[in-house]
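Have a look at my_file_30.cif below; it lists mmCIF, N, CA and C atoms.
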data_input
#
loop_
_atom_site.label_atom_id
_atom_site.label_comp_id
_atom_site.auth_asym_id
_atom_site.auth_seq_id
_atom_site.Cartn_x
_atom_site.Cartn_y
_atom_site.Cartn_z
N MET X 29 166.98 -137.28 166.41
CA MET X 29 166.60 -137.66 165.06
C MET X 29 167.14 -139.04 164.75
N ASN X 30 166.30 -139.88 164.21
CA ASN X 30 166.82 -141.19 163.86
C ASN X 30 167.45 -141.16 162.48
N PHE X 31 168.12 -142.23 162.12
CA PHE X 31 168.88 -142.31 160.88
C PHE X 31 168.00 -142.12 159.65
N CYS X 32 166.79 -142.68 159.66
CA CYS X 32 165.89 -142.58 158.49
C CYS X 32 165.49 -141.14 158.22
N LYS X 33 165.22 -140.38 159.28
CA LYS X 33 164.84 -138.98 159.08
C LYS X 33 166.01 -138.17 158.54
N VAL X 34 167.21 -138.42 159.03
CA VAL X 34 168.40 -137.71 158.54
C VAL X 34 168.64 -138.06 157.08
N LEU X 35 168.52 -139.33 156.73
CA LEU X 35 168.72 -139.77 155.35
C LEU X 35 167.67 -139.15 154.43
N ASP X 36 166.41 -139.12 154.87
CA ASP X 36 165.35 -138.52 154.08
C ASP X 36 165.61 -137.03 153.86
N PHE X 37 166.06 -136.32 154.90
CA PHE X 37 166.37 -134.89 154.78
C PHE X 37 167.48 -134.67 153.77
N LEU X 38 168.56 -135.47 153.86
CA LEU X 38 169.68 -135.31 152.95
C LEU X 38 169.30 -135.63 151.51
N LEU X 39 168.50 -136.67 151.30
CA LEU X 39 168.07 -137.02 149.96
C LEU X 39 167.18 -135.94 149.36
N ASN X 40 166.30 -135.37 150.16
CA ASN X 40 165.45 -134.29 149.66
C ASN X 40 166.27 -133.07 149.28
N LYS X 41 167.32 -132.76 150.02
CA LYS X 41 168.18 -131.63 149.69
C LYS X 41 168.94 -131.91 148.41
N VAL X 42 169.42 -133.13 148.22
CA VAL X 42 170.19 -133.50 147.03
C VAL X 42 169.31 -133.42 145.79
N ASN X 43 168.06 -133.86 145.91
CA ASN X 43 167.16 -133.84 144.77
C ASN X 43 166.53 -132.47 144.55
N GLY X 44 166.86 -131.49 145.37
CA GLY X 44 166.35 -130.14 145.19
C GLY X 44 164.95 -129.92 145.72
N VAL X 45 164.41 -130.88 146.44
CA VAL X 45 163.07 -130.75 147.00
C VAL X 45 163.19 -130.12 148.38
N GLU X 46 162.35 -129.12 148.64
CA GLU X 46 162.39 -128.49 149.95
C GLU X 46 161.69 -129.36 150.97
N THR X 47 162.23 -129.39 152.17
CA THR X 47 161.58 -130.14 153.24
C THR X 47 160.65 -129.21 154.00
N ASN X 48 159.59 -129.74 154.53
CA ASN X 48 158.67 -128.96 155.36
C ASN X 48 159.12 -129.07 156.80
N MET X 49 159.80 -128.04 157.28
CA MET X 49 160.25 -128.02 158.65
C MET X 49 159.29 -127.14 159.44
N SER X 50 159.02 -127.52 160.66
CA SER X 50 158.14 -126.69 161.47
C SER X 50 158.98 -125.67 162.24
N PHE X 51 158.47 -124.45 162.31
CA PHE X 51 159.16 -123.38 163.02
C PHE X 51 158.29 -122.94 164.18
N ASN X 52 158.91 -122.73 165.32
CA ASN X 52 158.18 -122.25 166.48
C ASN X 52 157.92 -120.76 166.42
N ASP X 53 158.79 -120.03 165.71
CA ASP X 53 158.67 -118.58 165.62
C ASP X 53 158.79 -118.14 164.16
N PRO X 54 157.67 -118.08 163.44
CA PRO X 54 157.73 -117.74 162.02
C PRO X 54 158.24 -116.32 161.74
N ILE X 55 158.03 -115.38 162.67
CA ILE X 55 158.52 -114.02 162.46
C ILE X 55 160.04 -113.99 162.56
N ALA X 56 160.61 -114.71 163.51
CA ALA X 56 162.07 -114.79 163.64
C ALA X 56 162.67 -115.46 162.40
N GLU X 57 161.99 -116.48 161.88
CA GLU X 57 162.45 -117.14 160.65
C GLU X 57 162.44 -116.15 159.49
N PHE X 58 161.39 -115.35 159.37
CA PHE X 58 161.27 -114.32 158.33
C PHE X 58 162.44 -113.34 158.42
N LEU X 59 162.68 -112.80 159.62
CA LEU X 59 163.75 -111.83 159.81
C LEU X 59 165.12 -112.44 159.52
N THR X 60 165.33 -113.67 159.94
CA THR X 60 166.62 -114.34 159.73
C THR X 60 166.87 -114.58 158.25
N LYS X 61 165.85 -114.99 157.51
CA LYS X 61 166.03 -115.22 156.08
C LYS X 61 166.37 -113.93 155.34
N VAL X 62 165.71 -112.84 155.70
CA VAL X 62 166.01 -111.54 155.08
C VAL X 62 167.43 -111.11 155.44
N ARG X 63 167.80 -111.24 156.71
CA ARG X 63 169.14 -110.86 157.18
C ARG X 63 170.22 -111.66 156.46
N ASN X 64 170.04 -112.97 156.36
CA ASN X 64 171.04 -113.82 155.71
C ASN X 64 171.14 -113.55 154.22
N ALA X 65 170.00 -113.31 153.57
CA ALA X 65 170.01 -113.01 152.13
C ALA X 65 170.74 -111.70 151.86
N GLN X 66 170.55 -110.71 152.71
CA GLN X 66 171.24 -109.43 152.51
C GLN X 66 172.74 -109.57 152.75
N LYS X 67 173.13 -110.36 153.74
CA LYS X 67 174.56 -110.56 153.98
C LYS X 67 175.23 -111.24 152.79
N SER X 68 174.47 -112.10 152.10
CA SER X 68 175.00 -112.79 150.92
C SER X 68 174.76 -112.01 149.63
N GLN X 69 174.19 -110.82 149.74
CA GLN X 69 173.89 -109.92 148.62
C GLN X 69 173.01 -110.57 147.55
N HIS X 70 172.00 -111.32 147.99
CA HIS X 70 171.02 -111.87 147.07
C HIS X 70 170.07 -110.76 146.62
N LYS X 71 169.51 -110.91 145.42
CA LYS X 71 168.56 -109.92 144.92
C LYS X 71 167.20 -110.10 145.57
N TYR X 72 166.87 -111.33 145.93
CA TYR X 72 165.57 -111.61 146.54
C TYR X 72 165.68 -112.80 147.47
N VAL X 73 164.62 -113.00 148.27
CA VAL X 73 164.54 -114.15 149.17
C VAL X 73 163.10 -114.65 149.16
N ASP X 74 162.92 -115.97 149.15
CA ASP X 74 161.60 -116.59 149.18
C ASP X 74 161.28 -117.05 150.59
N ILE X 75 160.05 -116.73 151.03
CA ILE X 75 159.63 -117.01 152.40
C ILE X 75 158.21 -117.57 152.36
N TYR X 76 157.91 -118.52 153.25
CA TYR X 76 156.53 -118.99 153.37
C TYR X 76 155.65 -117.85 153.83
N VAL X 77 154.45 -117.79 153.28
CA VAL X 77 153.59 -116.63 153.46
C VAL X 77 152.63 -116.80 154.65
N SER X 78 152.34 -115.69 155.31
CA SER X 78 151.28 -115.60 156.32
C SER X 78 150.80 -114.15 156.32
N LYS X 79 149.66 -113.90 156.91
CA LYS X 79 149.11 -112.54 156.94
C LYS X 79 150.04 -111.58 157.68
N VAL X 80 150.64 -112.05 158.76
CA VAL X 80 151.54 -111.20 159.55
C VAL X 80 152.79 -110.86 158.73
N LYS X 81 153.36 -111.84 158.05
CA LYS X 81 154.56 -111.60 157.24
C LYS X 81 154.26 -110.64 156.09
N ILE X 82 153.09 -110.77 155.49
CA ILE X 82 152.71 -109.85 154.40
C ILE X 82 152.63 -108.42 154.94
N LYS X 83 152.03 -108.24 156.10
CA LYS X 83 151.89 -106.90 156.68
C LYS X 83 153.25 -106.33 157.06
N ILE X 84 154.15 -107.16 157.59
CA ILE X 84 155.50 -106.70 157.91
C ILE X 84 156.22 -106.28 156.64
N ALA X 85 156.08 -107.06 155.57
CA ALA X 85 156.70 -106.72 154.29
C ALA X 85 156.12 -105.42 153.72
N GLU X 86 154.82 -105.20 153.88
CA GLU X 86 154.20 -103.94 153.43
C GLU X 86 154.80 -102.75 154.16
N ILE X 87 154.99 -102.88 155.46
CA ILE X 87 155.59 -101.79 156.25
C ILE X 87 157.03 -101.57 155.81
N MET X 88 157.79 -102.65 155.60
CA MET X 88 159.18 -102.52 155.17
C MET X 88 159.27 -101.83 153.81
N LYS X 89 158.35 -102.14 152.90
CA LYS X 89 158.34 -101.50 151.59
C LYS X 89 157.96 -100.02 151.72
N GLU X 90 156.94 -99.74 152.51
CA GLU X 90 156.48 -98.37 152.72
C GLU X 90 157.58 -97.48 153.30
N LYS X 91 158.37 -98.04 154.20
CA LYS X 91 159.44 -97.28 154.85
C LYS X 91 160.75 -97.30 154.07
N GLY X 92 160.80 -98.00 152.93
CA GLY X 92 161.97 -97.99 152.07
C GLY X 92 163.07 -98.98 152.42
N PHE X 93 162.75 -100.01 153.20
CA PHE X 93 163.76 -101.00 153.57
C PHE X 93 163.91 -102.11 152.53
N ILE X 94 162.87 -102.35 151.72
CA ILE X 94 162.94 -103.33 150.64
C ILE X 94 162.41 -102.70 149.36
N GLU X 95 162.81 -103.26 148.21
CA GLU X 95 162.34 -102.75 146.92
C GLU X 95 160.86 -103.05 146.73
N ASN X 96 160.51 -104.33 146.84
CA ASN X 96 159.15 -104.76 146.57
C ASN X 96 158.98 -106.18 147.09
N PHE X 97 157.76 -106.70 147.00
CA PHE X 97 157.51 -108.10 147.31
C PHE X 97 156.30 -108.55 146.51
N ILE X 98 156.29 -109.84 146.20
CA ILE X 98 155.14 -110.43 145.52
C ILE X 98 154.72 -111.67 146.28
N VAL X 99 153.43 -111.95 146.24
CA VAL X 99 152.88 -113.10 146.97
C VAL X 99 152.32 -114.08 145.97
N ASN X 100 152.71 -115.35 146.09
CA ASN X 100 152.18 -116.43 145.28
C ASN X 100 151.35 -117.32 146.21
N GLN X 101 150.04 -117.11 146.22
CA GLN X 101 149.16 -117.86 147.12
C GLN X 101 149.09 -119.34 146.75
N ASP X 102 149.26 -119.67 145.45
CA ASP X 102 149.21 -121.08 145.05
C ASP X 102 150.32 -121.89 145.71
N LYS X 103 151.53 -121.34 145.73
CA LYS X 103 152.66 -122.03 146.35
C LYS X 103 152.83 -121.65 147.82
N ARG X 104 151.98 -120.72 148.31
CA ARG X 104 152.06 -120.23 149.69
C ARG X 104 153.44 -119.67 150.00
N LYS X 105 153.99 -118.90 149.04
CA LYS X 105 155.31 -118.28 149.22
C LYS X 105 155.24 -116.80 148.89
N MET X 106 156.21 -116.08 149.41
CA MET X 106 156.34 -114.66 149.16
C MET X 106 157.79 -114.40 148.75
N ARG X 107 157.98 -113.61 147.71
CA ARG X 107 159.33 -113.25 147.27
C ARG X 107 159.57 -111.79 147.62
N ILE X 108 160.60 -111.54 148.41
CA ILE X 108 160.95 -110.19 148.83
C ILE X 108 162.20 -109.77 148.06
N PHE X 109 162.08 -108.63 147.36
CA PHE X 109 163.20 -108.08 146.59
C PHE X 109 163.95 -107.10 147.50
N LEU X 110 165.20 -107.41 147.74
CA LEU X 110 166.00 -106.65 148.70
C LEU X 110 166.56 -105.38 148.07
N LYS X 111 166.87 -104.41 148.91
CA LYS X 111 167.31 -103.10 148.46
C LYS X 111 168.74 -102.84 148.94
N TYR X 112 169.55 -102.30 148.03
CA TYR X 112 170.95 -102.01 148.34
C TYR X 112 171.29 -100.59 147.92
N SER X 113 172.29 -100.03 148.56
CA SER X 113 172.83 -98.72 148.18
C SER X 113 174.32 -98.90 147.96
N LYS X 114 174.74 -98.83 146.72
CA LYS X 114 176.15 -99.06 146.36
C LYS X 114 176.66 -100.38 146.94
N ARG X 115 175.90 -101.44 146.71
CA ARG X 115 176.22 -102.80 147.13
C ARG X 115 176.19 -103.00 148.65
N ASN X 116 175.74 -102.00 149.39
CA ASN X 116 175.58 -102.13 150.84
C ASN X 116 174.10 -102.28 151.15
N PRO X 117 173.73 -103.23 151.99
CA PRO X 117 172.31 -103.41 152.30
C PRO X 117 171.72 -102.19 153.00
N ILE X 118 170.49 -101.85 152.65
CA ILE X 118 169.78 -100.74 153.29
C ILE X 118 169.50 -101.10 154.76
N ILE X 119 169.11 -102.35 155.00
CA ILE X 119 168.82 -102.79 156.36
C ILE X 119 170.12 -103.13 157.06
N LYS X 120 170.41 -102.43 158.13
CA LYS X 120 171.62 -102.71 158.92
C LYS X 120 171.34 -103.79 159.96
N THR X 121 170.16 -103.71 160.60
CA THR X 121 169.84 -104.65 161.67
C THR X 121 168.36 -104.99 161.65
N LEU X 122 168.06 -106.27 161.80
CA LEU X 122 166.71 -106.77 162.04
C LEU X 122 166.76 -107.48 163.38
N LYS X 123 166.02 -106.98 164.34
CA LYS X 123 166.11 -107.54 165.69
C LYS X 123 164.73 -107.96 166.18
N ARG X 124 164.58 -109.22 166.53
CA ARG X 124 163.33 -109.74 167.09
C ARG X 124 163.28 -109.33 168.55
N ILE X 125 162.16 -108.75 168.99
CA ILE X 125 162.04 -108.27 170.36
C ILE X 125 161.16 -109.21 171.18
N SER X 126 159.89 -109.28 170.85
CA SER X 126 158.96 -110.16 171.56
C SER X 126 159.11 -111.57 171.00
N LYS X 127 159.31 -112.53 171.87
CA LYS X 127 159.52 -113.91 171.44
C LYS X 127 158.43 -114.80 172.03
N PRO X 128 158.23 -116.00 171.49
CA PRO X 128 157.19 -116.87 172.05
C PRO X 128 157.37 -117.15 173.55
N GLY X 129 158.60 -117.20 174.02
CA GLY X 129 158.86 -117.48 175.43
C GLY X 129 158.78 -116.26 176.32
N LYS X 130 158.88 -115.07 175.72
CA LYS X 130 158.86 -113.83 176.50
C LYS X 130 158.25 -112.72 175.65
N ARG X 131 156.98 -112.49 175.84
CA ARG X 131 156.27 -111.44 175.10
C ARG X 131 156.58 -110.08 175.71
N ILE X 132 156.79 -109.08 174.85
CA ILE X 132 157.08 -107.72 175.28
C ILE X 132 155.96 -106.81 174.78
N TYR X 133 155.25 -106.19 175.72
CA TYR X 133 154.15 -105.28 175.39
C TYR X 133 154.52 -103.87 175.83
N LYS X 134 154.09 -102.89 175.03
CA LYS X 134 154.33 -101.49 175.37
C LYS X 134 153.03 -100.70 175.28
N THR X 135 152.86 -99.79 176.22
CA THR X 135 151.71 -98.89 176.16
C THR X 135 152.02 -97.78 175.16
N LEU X 136 151.03 -96.97 174.86
CA LEU X 136 151.21 -95.86 173.92
C LEU X 136 152.38 -94.96 174.34
N GLU X 137 152.46 -94.64 175.61
CA GLU X 137 153.50 -93.74 176.10
C GLU X 137 154.89 -94.36 176.06
N SER X 138 154.97 -95.68 176.10
CA SER X 138 156.29 -96.33 176.17
C SER X 138 156.71 -96.99 174.86
N ILE X 139 156.03 -96.67 173.74
CA ILE X 139 156.46 -97.21 172.44
C ILE X 139 157.85 -96.65 172.15
N PRO X 140 158.82 -97.51 171.84
CA PRO X 140 160.20 -97.04 171.67
C PRO X 140 160.41 -96.26 170.37
N VAL X 141 161.34 -95.32 170.43
CA VAL X 141 161.83 -94.61 169.24
C VAL X 141 163.15 -95.27 168.89
N VAL X 142 163.24 -95.88 167.72
CA VAL X 142 164.42 -96.66 167.34
C VAL X 142 165.44 -95.74 166.67
N LEU X 143 166.62 -95.63 167.26
CA LEU X 143 167.72 -94.79 166.77
C LEU X 143 167.27 -93.38 166.43
N ASN X 144 166.56 -92.76 167.34
CA ASN X 144 166.07 -91.38 167.17
C ASN X 144 165.27 -91.20 165.89
N GLY X 145 164.50 -92.21 165.52
CA GLY X 145 163.63 -92.11 164.36
C GLY X 145 164.21 -92.63 163.06
N ILE X 146 165.47 -93.03 163.06
CA ILE X 146 166.08 -93.58 161.83
C ILE X 146 165.51 -94.97 161.56
N GLY X 147 165.32 -95.75 162.61
CA GLY X 147 164.76 -97.09 162.48
C GLY X 147 163.30 -97.10 162.83
N ILE X 148 162.70 -98.29 162.72
CA ILE X 148 161.28 -98.43 163.06
C ILE X 148 161.10 -99.62 164.01
N ALA X 149 160.03 -99.54 164.79
CA ALA X 149 159.58 -100.67 165.60
C ALA X 149 158.29 -101.14 164.96
N ILE X 150 158.11 -102.44 164.83
CA ILE X 150 156.87 -102.99 164.30
C ILE X 150 156.11 -103.62 165.46
N LEU X 151 154.84 -103.22 165.60
CA LEU X 151 154.02 -103.66 166.72
C LEU X 151 152.78 -104.38 166.22
N SER X 152 152.34 -105.35 167.01
CA SER X 152 151.06 -106.00 166.78
C SER X 152 150.07 -105.35 167.74
N THR X 153 149.10 -104.63 167.19
CA THR X 153 148.16 -103.88 168.00
C THR X 153 146.74 -104.39 167.78
N SER X 154 145.79 -103.80 168.49
CA SER X 154 144.39 -104.15 168.29
C SER X 154 143.88 -103.65 166.94
N LYS X 155 144.63 -102.75 166.31
CA LYS X 155 144.26 -102.23 164.99
C LYS X 155 145.11 -102.84 163.89
N GLY X 156 145.78 -103.95 164.17
CA GLY X 156 146.59 -104.65 163.18
C GLY X 156 148.08 -104.45 163.42
N ILE X 157 148.87 -104.89 162.46
CA ILE X 157 150.33 -104.73 162.52
C ILE X 157 150.66 -103.32 162.07
N LEU X 158 151.33 -102.54 162.94
CA LEU X 158 151.65 -101.14 162.65
C LEU X 158 153.10 -100.84 162.98
N ASP X 159 153.66 -99.82 162.31
CA ASP X 159 154.97 -99.34 162.72
C ASP X 159 154.78 -98.38 163.90
N ASP X 160 155.86 -97.99 164.53
CA ASP X 160 155.77 -97.18 165.75
C ASP X 160 155.07 -95.84 165.53
N ALA X 161 155.34 -95.17 164.42
CA ALA X 161 154.72 -93.87 164.15
C ALA X 161 153.21 -94.02 163.95
N SER X 162 152.81 -95.05 163.22
CA SER X 162 151.38 -95.28 162.99
C SER X 162 150.66 -95.65 164.29
N ALA X 163 151.32 -96.41 165.14
CA ALA X 163 150.72 -96.78 166.43
C ALA X 163 150.51 -95.55 167.30
N ARG X 164 151.48 -94.63 167.28
CA ARG X 164 151.31 -93.39 168.04
C ARG X 164 150.17 -92.55 167.46
N ARG X 165 150.09 -92.48 166.13
CA ARG X 165 149.03 -91.72 165.46
C ARG X 165 147.65 -92.31 165.76
N GLU X 166 147.57 -93.66 165.81
CA GLU X 166 146.31 -94.35 166.11
C GLU X 166 146.02 -94.40 167.62
N LYS X 167 147.02 -93.97 168.42
CA LYS X 167 146.92 -93.95 169.88
C LYS X 167 146.66 -95.34 170.48
N VAL X 168 147.49 -96.31 170.04
CA VAL X 168 147.40 -97.68 170.57
C VAL X 168 148.80 -98.20 170.90
N GLY X 169 148.86 -99.06 171.88
CA GLY X 169 150.08 -99.78 172.21
C GLY X 169 149.93 -101.21 171.73
N GLY X 170 150.90 -102.05 172.04
CA GLY X 170 150.80 -103.44 171.63
C GLY X 170 152.08 -104.21 171.84
N GLU X 171 152.13 -105.38 171.24
CA GLU X 171 153.30 -106.24 171.34
C GLU X 171 154.36 -105.79 170.35
N VAL X 172 155.59 -105.57 170.82
CA VAL X 172 156.68 -105.13 169.96
C VAL X 172 157.27 -106.37 169.27
N LEU X 173 157.04 -106.49 167.97
CA LEU X 173 157.51 -107.66 167.23
C LEU X 173 159.00 -107.57 166.92
N CYS X 174 159.44 -106.42 166.36
CA CYS X 174 160.83 -106.31 165.96
C CYS X 174 161.24 -104.86 165.78
N TYR X 175 162.57 -104.64 165.71
CA TYR X 175 163.15 -103.36 165.36
C TYR X 175 163.86 -103.53 164.02
N ILE X 176 163.78 -102.51 163.19
CA ILE X 176 164.49 -102.52 161.90
C ILE X 176 165.19 -101.18 161.75
N TRP X 177 166.49 -101.22 161.43
CA TRP X 177 167.23 -100.01 161.07
C TRP X 177 168.36 -100.35 160.15
#

This entry written out as structure tokens:
Amino acid sequence: MNFCKVLDFLLNKVNGVETNMSFNDPIAEFLTKVRNAQKSQHKYVDIYVSKVKIKIAEIMKEKGFIENFIVNQDKRKMRIFLKYSKRNPIIKTLKRISKPGKRIYKTLESIPVVLNGIGIAILSTSKGILDDASARREKVGGEVLCYIW
């Protein structure tokens, strides 16, 4: 990075303007932002929106890992409201499995059971983004995106 780019980044942070940084793995960025917000006990976290992230948030809400989420298409952002139990985060671990450099695919028979059913695996299948139980019910395998417990 040259000096002008560093100076521009610092000035934008000081003035409260967000910088547009490119991410190679938007799902890992999503999981990291949720993980960091929960560790800091924030009530919510704002994330740039995509169809995949919306579907992951829907699954997390359905399974009780987050309170709710709202999508603002005008600003292309999504606000995820985090869930706590007596000031302890509901989500203990968010783990990215398949990465851009190493994709992990599982057949129907080899879809993992996360912590004997306490956690969930989120898969990208031919029928969309599904949790492990839904993928078994639909009888499809796919790319394992992440584990949540």

Using the chain letters and residue numbers of this document, give as a compact mmCIF listing (two decimals) with N, CA and C atoms, in the frame of the given file the residues selected by the PyMOL selection byres ((chain X and resi 161-175) around 7).
# COMPACT_ATOMS: atom_id res chain seq x y z
N THR X 121 170.16 -103.71 160.60
CA THR X 121 169.84 -104.65 161.67
C THR X 121 168.36 -104.99 161.65
N LEU X 122 168.06 -106.27 161.80
CA LEU X 122 166.71 -106.77 162.04
C LEU X 122 166.76 -107.48 163.38
N LYS X 123 166.02 -106.98 164.34
CA LYS X 123 166.11 -107.54 165.69
C LYS X 123 164.73 -107.96 166.18
N ARG X 124 164.58 -109.22 166.53
CA ARG X 124 163.33 -109.74 167.09
C ARG X 124 163.28 -109.33 168.55
N ILE X 125 162.16 -108.75 168.99
CA ILE X 125 162.04 -108.27 170.36
C ILE X 125 161.16 -109.21 171.18
N SER X 126 159.89 -109.28 170.85
CA SER X 126 158.96 -110.16 171.56
C SER X 126 159.11 -111.57 171.00
N LYS X 127 159.31 -112.53 171.87
CA LYS X 127 159.52 -113.91 171.44
C LYS X 127 158.43 -114.80 172.03
N ARG X 131 156.98 -112.49 175.84
CA ARG X 131 156.27 -111.44 175.10
C ARG X 131 156.58 -110.08 175.71
N ILE X 132 156.79 -109.08 174.85
CA ILE X 132 157.08 -107.72 175.28
C ILE X 132 155.96 -106.81 174.78
N TYR X 133 155.25 -106.19 175.72
CA TYR X 133 154.15 -105.28 175.39
C TYR X 133 154.52 -103.87 175.83
N LYS X 134 154.09 -102.89 175.03
CA LYS X 134 154.33 -101.49 175.37
C LYS X 134 153.03 -100.70 175.28
N THR X 135 152.86 -99.79 176.22
CA THR X 135 151.71 -98.89 176.16
C THR X 135 152.02 -97.78 175.16
N LEU X 136 151.03 -96.97 174.86
CA LEU X 136 151.21 -95.86 173.92
C LEU X 136 152.38 -94.96 174.34
N GLU X 137 152.46 -94.64 175.61
CA GLU X 137 153.50 -93.74 176.10
C GLU X 137 154.89 -94.36 176.06
N ILE X 139 156.03 -96.67 173.74
CA ILE X 139 156.46 -97.21 172.44
C ILE X 139 157.85 -96.65 172.15
N GLY X 147 165.32 -95.75 162.61
CA GLY X 147 164.76 -97.09 162.48
C GLY X 147 163.30 -97.10 162.83
N ILE X 148 162.70 -98.29 162.72
CA ILE X 148 161.28 -98.43 163.06
C ILE X 148 161.10 -99.62 164.01
N ALA X 149 160.03 -99.54 164.79
CA ALA X 149 159.58 -100.67 165.60
C ALA X 149 158.29 -101.14 164.96
N ILE X 150 158.11 -102.44 164.83
CA ILE X 150 156.87 -102.99 164.30
C ILE X 150 156.11 -103.62 165.46
N LEU X 151 154.84 -103.22 165.60
CA LEU X 151 154.02 -103.66 166.72
C LEU X 151 152.78 -104.38 166.22
N SER X 152 152.34 -105.35 167.01
CA SER X 152 151.06 -106.00 166.78
C SER X 152 150.07 -105.35 167.74
N THR X 153 149.10 -104.63 167.19
CA THR X 153 148.16 -103.88 168.00
C THR X 153 146.74 -104.39 167.78
N SER X 154 145.79 -103.80 168.49
CA SER X 154 144.39 -104.15 168.29
C SER X 154 143.88 -103.65 166.94
N LEU X 158 151.33 -102.54 162.94
CA LEU X 158 151.65 -101.14 162.65
C LEU X 158 153.10 -100.84 162.98
N ASP X 159 153.66 -99.82 162.31
CA ASP X 159 154.97 -99.34 162.72
C ASP X 159 154.78 -98.38 163.90
N ASP X 160 155.86 -97.99 164.53
CA ASP X 160 155.77 -97.18 165.75
C ASP X 160 155.07 -95.84 165.53
N ILE X 176 163.78 -102.51 163.19
CA ILE X 176 164.49 -102.52 161.90
C ILE X 176 165.19 -101.18 161.75
N TRP X 177 166.49 -101.22 161.43
CA TRP X 177 167.23 -100.01 161.07
C TRP X 177 168.36 -100.35 160.15

Please expand the PyMOL selection byres ((chain X and resi 98) around 7) into the concrete residues it hits in this file, giving the result as an mmCIF file with N, CA and C atoms, in the coordinates of the input.
data_model
loop_
_atom_site.group_PDB
_atom_site.id
_atom_site.type_symbol
_atom_site.label_atom_id
_atom_site.label_comp_id
_atom_site.auth_asym_id
_atom_site.auth_seq_id
_atom_site.Cartn_x
_atom_site.Cartn_y
_atom_site.Cartn_z
ATOM 1 N N ASN X 96 160.510 -104.330 146.840
ATOM 2 C CA ASN X 96 159.150 -104.760 146.570
ATOM 3 C C ASN X 96 158.980 -106.180 147.090
ATOM 4 N N PHE X 97 157.760 -106.700 147.000
ATOM 5 C CA PHE X 97 157.510 -108.100 147.310
ATOM 6 C C PHE X 97 156.300 -108.550 146.510
ATOM 7 N N VAL X 99 153.430 -111.950 146.240
ATOM 8 C CA VAL X 99 152.880 -113.100 146.970
ATOM 9 C C VAL X 99 152.320 -114.080 145.970
ATOM 10 N N ASN X 100 152.710 -115.350 146.090
ATOM 11 C CA ASN X 100 152.180 -116.430 145.280
ATOM 12 C C ASN X 100 151.350 -117.320 146.210
ATOM 13 N N LYS X 105 153.990 -118.900 149.040
ATOM 14 C CA LYS X 105 155.310 -118.280 149.220
ATOM 15 C C LYS X 105 155.240 -116.800 148.890
ATOM 16 N N MET X 106 156.210 -116.080 149.410
ATOM 17 C CA MET X 106 156.340 -114.660 149.160
ATOM 18 C C MET X 106 157.790 -114.400 148.750
ATOM 19 N N ARG X 107 157.980 -113.610 147.710
ATOM 20 C CA ARG X 107 159.330 -113.250 147.270
ATOM 21 C C ARG X 107 159.570 -111.790 147.620
ATOM 22 N N ILE X 108 160.600 -111.540 148.410
ATOM 23 C CA ILE X 108 160.950 -110.190 148.830
ATOM 24 C C ILE X 108 162.200 -109.770 148.060
ATOM 25 N N PHE X 109 162.080 -108.630 147.360
ATOM 26 C CA PHE X 109 163.200 -108.080 146.590
ATOM 27 C C PHE X 109 163.950 -107.100 147.500
#

For Lys81 in chain X, which residue out of X:Lys111, X:Arg104, X:Lys67, X:Pro54 is the nearest one, using only N, CA and C atoms?
->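 Comparing X:Lys111, X:Arg104, X:Lys67, X:Pro54 against Lys81 in chain X, the winner is X:Pro54.
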
Rounded to one decimal in Å, what is the spacing between CA of Tyr76 in chain X and CA of Gly92 in chain X?
->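 Going from CA of Tyr76 in chain X over to CA of Gly92 in chain X, I get 21.7 Å.
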
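Here atom N of Lys71 in chain X and atom C of Asn144 in chain X stand 28.7 Å from one another.
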
Using all atoms of range 140-155 of chain X that appear in the file, construct an axis-aligned enclosing box with 8 Å of padding on every side and provide its centre coordinates and edge lengths in Å, rounded to one decimal, as lines of an AutoDock Vina configuration file.
center_x = 155.8
center_y = -98.6
center_z = 166.7
size_x = 39.8
size_y = 30.8
size_z = 26.3

Length of the CA of Pro117 in chain X to CA of Arg63 in chain X vector [Å] |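 Pair CA of Pro117 in chain X / CA of Arg63 in chain X returns 9.5 Å.
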
From a DSSP calculation on the backbone, collect every residue of range 84-137 of chain X in strand (DSSP E or B) and output the set as a list of chain:residue names.
->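 Restricting range 84-137 of chain X to strand (DSSP E or B) produces X:Ile94, X:Glu95, X:Asn96, X:Phe97, X:Ile98, X:Val99, X:Asn100, X:Lys105, X:Met106, X:Arg107, X:Ile108, X:Phe109, X:Leu110, X:Tyr112, X:Ser113, X:Asn116, X:Pro117, X:Leu122, X:Lys123, X:Arg124, X:Lys127, X:Lys130, X:Tyr133, X:Lys134.
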
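Minimum distance to Val77 in chain X across X:Lys89, X:Lys61, X:Lys103, X:Lys130 (counting all atoms listed in the file) occurs at X:Lys103.
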
Using DSSP on the backbone coordinates, identify the residues of chain X assigned to alpha helix (DSSP H); present them as a ChimeraX atom specification.
-> /X:31-42,54-67,79-90,160-166

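With distances restricted to only C-alpha atoms, X:Val80 is the closest residue to Ile55 in chain X from X:Asp74, X:Gln69, X:Val80, X:Val142.
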
Using only N, CA and C atoms, find the one residue out of X:Ile82, X:Leu110, X:Phe93, X:Asp53 that sits nearest to Ala65 in chain X.
-> X:Leu110

Find the residue from X:Gly129, X:Ile84, X:Ile118, X:Lys155 that sits nearest to Gln66 in chain X; use only N, CA and C atoms when measuring.
->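 Of X:Gly129, X:Ile84, X:Ile118, X:Lys155, the one nearest Gln66 in chain X is X:Ile118, counting only N, CA and C atoms.
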